[in-house]
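File shown: work.pdb (PDB, C-alpha atoms).
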ATOM      1  CA  MET A 122      38.059  40.596  17.634  1.00  0.00           C
ATOM      2  CA  LEU A 123      40.323  43.634  18.189  1.00  0.00           C
ATOM      3  CA  PHE A 124      41.963  45.827  15.582  1.00  0.00           C
ATOM      4  CA  GLY A 125      44.997  48.084  15.736  1.00  0.00           C
ATOM      5  CA  ARG A 126      46.366  51.053  13.856  1.00  0.00           C
ATOM      6  CA  LEU A 127      50.167  51.182  13.851  1.00  0.00           C
ATOM      7  CA  THR A 128      51.921  54.512  13.292  1.00  0.00           C
ATOM      8  CA  GLU A 129      55.673  54.826  12.803  1.00  0.00           C
ATOM      9  CA  ILE A 130      57.306  58.184  13.496  1.00  0.00           C
ATOM     10  CA  GLU A 131      60.903  59.013  12.619  1.00  0.00           C
ATOM     11  CA  GLY A 132      61.694  61.716  15.143  1.00  0.00           C
ATOM     12  CA  SER A 133      64.614  63.355  16.852  1.00  0.00           C
ATOM     13  CA  ALA A 134      66.343  61.578  19.740  1.00  0.00           C
ATOM     14  CA  GLU A 135      66.539  64.943  21.493  1.00  0.00           C
ATOM     15  CA  GLN A 136      62.751  65.353  21.353  1.00  0.00           C
ATOM     16  CA  VAL A 137      61.644  61.913  22.579  1.00  0.00           C
ATOM     17  CA  ASP A 138      60.504  63.223  25.975  1.00  0.00           C
ATOM     18  CA  ALA A 139      58.609  66.111  24.356  1.00  0.00           C
ATOM     19  CA  MET A 140      56.880  63.627  22.048  1.00  0.00           C
ATOM     20  CA  LEU A 141      55.950  61.364  24.983  1.00  0.00           C
ATOM     21  CA  ASP A 142      54.583  64.358  26.895  1.00  0.00           C
ATOM     22  CA  HIS A 143      52.510  65.243  23.820  1.00  0.00           C
ATOM     23  CA  LEU A 144      51.198  61.682  23.583  1.00  0.00           C
ATOM     24  CA  ARG A 145      50.224  61.635  27.261  1.00  0.00           C
ATOM     25  CA  GLY A 146      48.695  65.116  27.224  1.00  0.00           C
ATOM     26  CA  SER A 147      46.931  65.194  23.855  1.00  0.00           C
ATOM     27  CA  VAL A 148      46.926  61.980  21.856  1.00  0.00           C
ATOM     28  CA  ILE A 149      45.898  59.459  24.487  1.00  0.00           C
ATOM     29  CA  PRO A 150      43.076  61.659  25.854  1.00  0.00           C
ATOM     30  CA  GLY A 151      41.951  62.240  22.253  1.00  0.00           C
ATOM     31  CA  VAL A 152      41.938  58.528  21.457  1.00  0.00           C
ATOM     32  CA  LYS A 153      40.056  57.766  24.691  1.00  0.00           C
ATOM     33  CA  GLU A 154      37.229  60.038  23.514  1.00  0.00           C
ATOM     34  CA  MET A 155      36.766  58.113  20.255  1.00  0.00           C
ATOM     35  CA  ALA A 156      33.994  55.534  20.140  1.00  0.00           C
ATOM     36  CA  GLY A 157      35.315  51.994  20.203  1.00  0.00           C
ATOM     37  CA  SER A 158      38.834  52.814  21.401  1.00  0.00           C
ATOM     38  CA  LYS A 159      40.335  50.125  23.624  1.00  0.00           C
ATOM     39  CA  GLY A 160      43.846  51.359  24.416  1.00  0.00           C
ATOM     40  CA  PHE A 161      47.128  52.796  23.209  1.00  0.00           C
ATOM     41  CA  ILE A 162      50.691  51.436  23.269  1.00  0.00           C
ATOM     42  CA  THR A 163      53.876  53.343  22.455  1.00  0.00           C
ATOM     43  CA  LEU A 164      57.275  51.824  21.693  1.00  0.00           C
ATOM     44  CA  VAL A 165      60.263  54.153  21.454  1.00  0.00           C
ATOM     45  CA  ASP A 166      63.951  53.934  20.578  1.00  0.00           C
ATOM     46  CA  ARG A 167      65.498  56.790  22.533  1.00  0.00           C
ATOM     47  CA  ASP A 168      68.793  56.538  20.626  1.00  0.00           C
ATOM     48  CA  SER A 169      67.260  57.114  17.195  1.00  0.00           C
ATOM     49  CA  GLY A 170      64.061  58.978  18.071  1.00  0.00           C
ATOM     50  CA  LYS A 171      61.935  56.389  16.264  1.00  0.00           C
ATOM     51  CA  ALA A 172      58.545  55.671  17.830  1.00  0.00           C
ATOM     52  CA  ILE A 173      55.732  53.251  17.111  1.00  0.00           C
ATOM     53  CA  GLY A 174      52.237  54.000  18.371  1.00  0.00           C
ATOM     54  CA  ILE A 175      49.516  51.363  18.329  1.00  0.00           C
ATOM     55  CA  SER A 176      45.907  52.347  18.931  1.00  0.00           C
ATOM     56  CA  LEU A 177      43.541  49.485  19.763  1.00  0.00           C
ATOM     57  CA  TRP A 178      39.940  49.283  18.566  1.00  0.00           C
ATOM     58  CA  GLU A 179      37.002  47.058  19.455  1.00  0.00           C
ATOM     59  CA  ASN A 180      36.155  46.485  15.781  1.00  0.00           C
ATOM     60  CA  ARG A 181      37.147  47.506  12.266  1.00  0.00           C
ATOM     61  CA  GLU A 182      34.258  49.965  11.993  1.00  0.00           C
ATOM     62  CA  ALA A 183      35.416  51.959  15.023  1.00  0.00           C
ATOM     63  CA  MET A 184      38.972  52.064  13.668  1.00  0.00           C
ATOM     64  CA  VAL A 185      37.774  53.268  10.256  1.00  0.00           C
ATOM     65  CA  GLU A 186      35.454  55.854  11.817  1.00  0.00           C
ATOM     66  CA  ALA A 187      38.408  57.336  13.733  1.00  0.00           C
ATOM     67  CA  ARG A 188      40.711  57.716  10.692  1.00  0.00           C
ATOM     68  CA  ASN A 189      40.287  61.456  10.159  1.00  0.00           C
ATOM     69  CA  ARG A 190      40.797  62.412  13.798  1.00  0.00           C
ATOM     70  CA  ALA A 191      43.681  59.929  14.106  1.00  0.00           C
ATOM     71  CA  SER A 192      45.357  61.504  11.096  1.00  0.00           C
ATOM     72  CA  GLN A 193      45.384  64.911  12.784  1.00  0.00           C
ATOM     73  CA  LEU A 194      46.706  63.464  16.049  1.00  0.00           C
ATOM     74  CA  ARG A 195      49.403  61.619  14.081  1.00  0.00           C
ATOM     75  CA  SER A 196      50.557  64.807  12.354  1.00  0.00           C
ATOM     76  CA  ASP A 197      50.691  66.655  15.669  1.00  0.00           C
ATOM     77  CA  SER A 198      52.750  63.818  17.190  1.00  0.00           C
ATOM     78  CA  ALA A 199      55.273  63.863  14.352  1.00  0.00           C
ATOM     79  CA  GLN A 200      55.681  67.605  14.835  1.00  0.00           C
ATOM     80  CA  ALA A 201      56.199  67.128  18.597  1.00  0.00           C
ATOM     81  CA  ALA A 202      58.825  64.481  17.796  1.00  0.00           C
ATOM     82  CA  GLY A 203      60.680  66.813  15.453  1.00  0.00           C
ATOM     83  CA  GLY A 204      60.180  64.365  12.617  1.00  0.00           C
ATOM     84  CA  ASP A 205      57.827  62.780  10.141  1.00  0.00           C
ATOM     85  CA  VAL A 206      55.256  60.020   9.902  1.00  0.00           C
ATOM     86  CA  ALA A 207      57.146  57.108   8.349  1.00  0.00           C
ATOM     87  CA  GLY A 208      54.211  54.740   7.985  1.00  0.00           C
ATOM     88  CA  VAL A 209      50.661  53.857   8.976  1.00  0.00           C
ATOM     89  CA  GLY A 210      48.913  50.506   8.824  1.00  0.00           C
ATOM     90  CA  GLU A 211      45.659  48.997  10.018  1.00  0.00           C
ATOM     91  CA  TYR A 212      45.555  45.407  11.204  1.00  0.00           C
ATOM     92  CA  GLU A 213      43.421  42.738  12.806  1.00  0.00           C
ATOM     93  CA  ILE A 214      44.959  41.676  16.096  1.00  0.00           C
ATOM     94  CA  ALA A 215      45.505  37.958  15.582  1.00  0.00           C
ATOM     95  CA  ILE A 216      47.199  37.169  18.922  1.00  0.00           C
ATOM     96  CA  ASP A 217      46.924  39.076  22.198  1.00  0.00           C
ATOM     97  CA  GLU A 218      48.812  37.228  24.951  1.00  0.00           C
ATOM     98  CA  ARG A 219      49.959  39.159  27.995  1.00  0.00           C
ATOM     99  CA  PHE A 220      52.065  37.638  30.741  1.00  0.00           C
TER
END

The structure in this file should be written as structure tokens.
Amino acid sequence: MLFGRLTEIEGSAEQVDAMLDHLRGSVIPGVKEMAGSKGFITLVDRDSGKAIGISLWENREAMVEARNRASQLRSDSAQAAGGDVAGVGEYEIAIDERF
């Protein structure tokens, strides 16, 4: 059973590419180093600057263990986006269908 942490960032449309560069250069490598990490997905609205990041975890324990480090990465991402963290949630992944 997989778990996911969803982070919403309200950023600046002008800084979307800078935020994505930050995610690729710092956040994703940082998440990869964490025990139990299984992947990372980013959704972005280039017109508004809003972004949603979803980190995937092999179990709840791994997700919980990574909270402190994830919090720092989240703050750094909001700064790179020229915005703020709008929300964070932790969820069980109930359906994972890829086509």

Quiz item: Residues at most 8 Å from region 146-159 of chain A, counting all atoms listed in the file, excluding those fewer than 2 positions away in the same chain, as a PyMOL selection string?
Solution: chain A and resi 142-144+161+176-180+183-184+187+191+194+198

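Excluding Arg195 (chain A) itself and any same-chain residue fewer than 2 positions from it, the protein and nucleic acid residues within 9 Å of it, counting all atoms listed in the file, are Thr128, Ile130, Val148, Arg190, Ala191, Ser192, Gln193, Asp197, Ser198, Ala199, Gln200 and Val206 of chain A.
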
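Between CA of Glu213 (chain A) and CA of Leu123 (chain A) there is a distance of 6.3 Å.
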
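Of the residues under consideration (A:Lys171, A:Ala201, A:Val209, A:Arg188), A:Ala201 shows the shortest atom-to-atom contact distance to Arg145 (chain A) when counting only C-alpha atoms.
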
Quiz prompt | Hits from the PyMOL selection byres ((chain A and resi 138) around 12), listed as JSON, numbers by chain | solution = {"A": [132, 133, 134, 135, 136, 137, 139, 140, 141, 142, 143, 144, 145, 165, 166, 167, 168, 170, 171, 172, 198, 201, 202, 203]}

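Taking all atoms listed in the file into account, Ala207 (chain A) lies nearest to A:Leu127 out of the set A:Ile162, A:Ile175, A:Val185, A:Leu127.
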
Quiz item: Just so the selection is clear, what residues does the PyMOL selection byres ((chain A and resi 212) around 6) cover here, as number ranges by chain?
Solution: A: 124-125, 211, 213

Residues of the last selection are to be written out with C-alpha atoms, as a PDB file, keeping the file's coordinate frame.
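Heads up, here's the output in again_18.pdb:
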ATOM      1  CA  PHE A 124      41.963  45.827  15.582  1.00  0.00           C
ATOM      2  CA  GLY A 125      44.997  48.084  15.736  1.00  0.00           C
ATOM      3  CA  GLU A 211      45.659  48.997  10.018  1.00  0.00           C
ATOM      4  CA  GLU A 213      43.421  42.738  12.806  1.00  0.00           C
TER       5      GLU A 213
END

Axis-aligned box for region 127-137 of chain A, 8 Å per side, centre and edges in Å as JSON:
{"center_x": 58.4, "center_y": 58.3, "center_z": 17.6, "size_x": 32.4, "size_y": 30.2, "size_z": 26.0}

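Nearest-residue note for Thr163 (chain A): choosing from A:Ser196, A:Glu129, A:Arg219, A:Glu182, the minimum distance belongs to A:Glu129, counting all atoms listed in the file.
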
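Put simply, CA of Gly210 (chain A) is 5.7 Å away from CA of Arg126 (chain A).
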
Self-check item: Which of A:Arg181, A:Glu131, A:Asp205, A:Glu218 sits closest to Ser169 (chain A) [using all atoms listed in the file]
Solution: A:Glu131
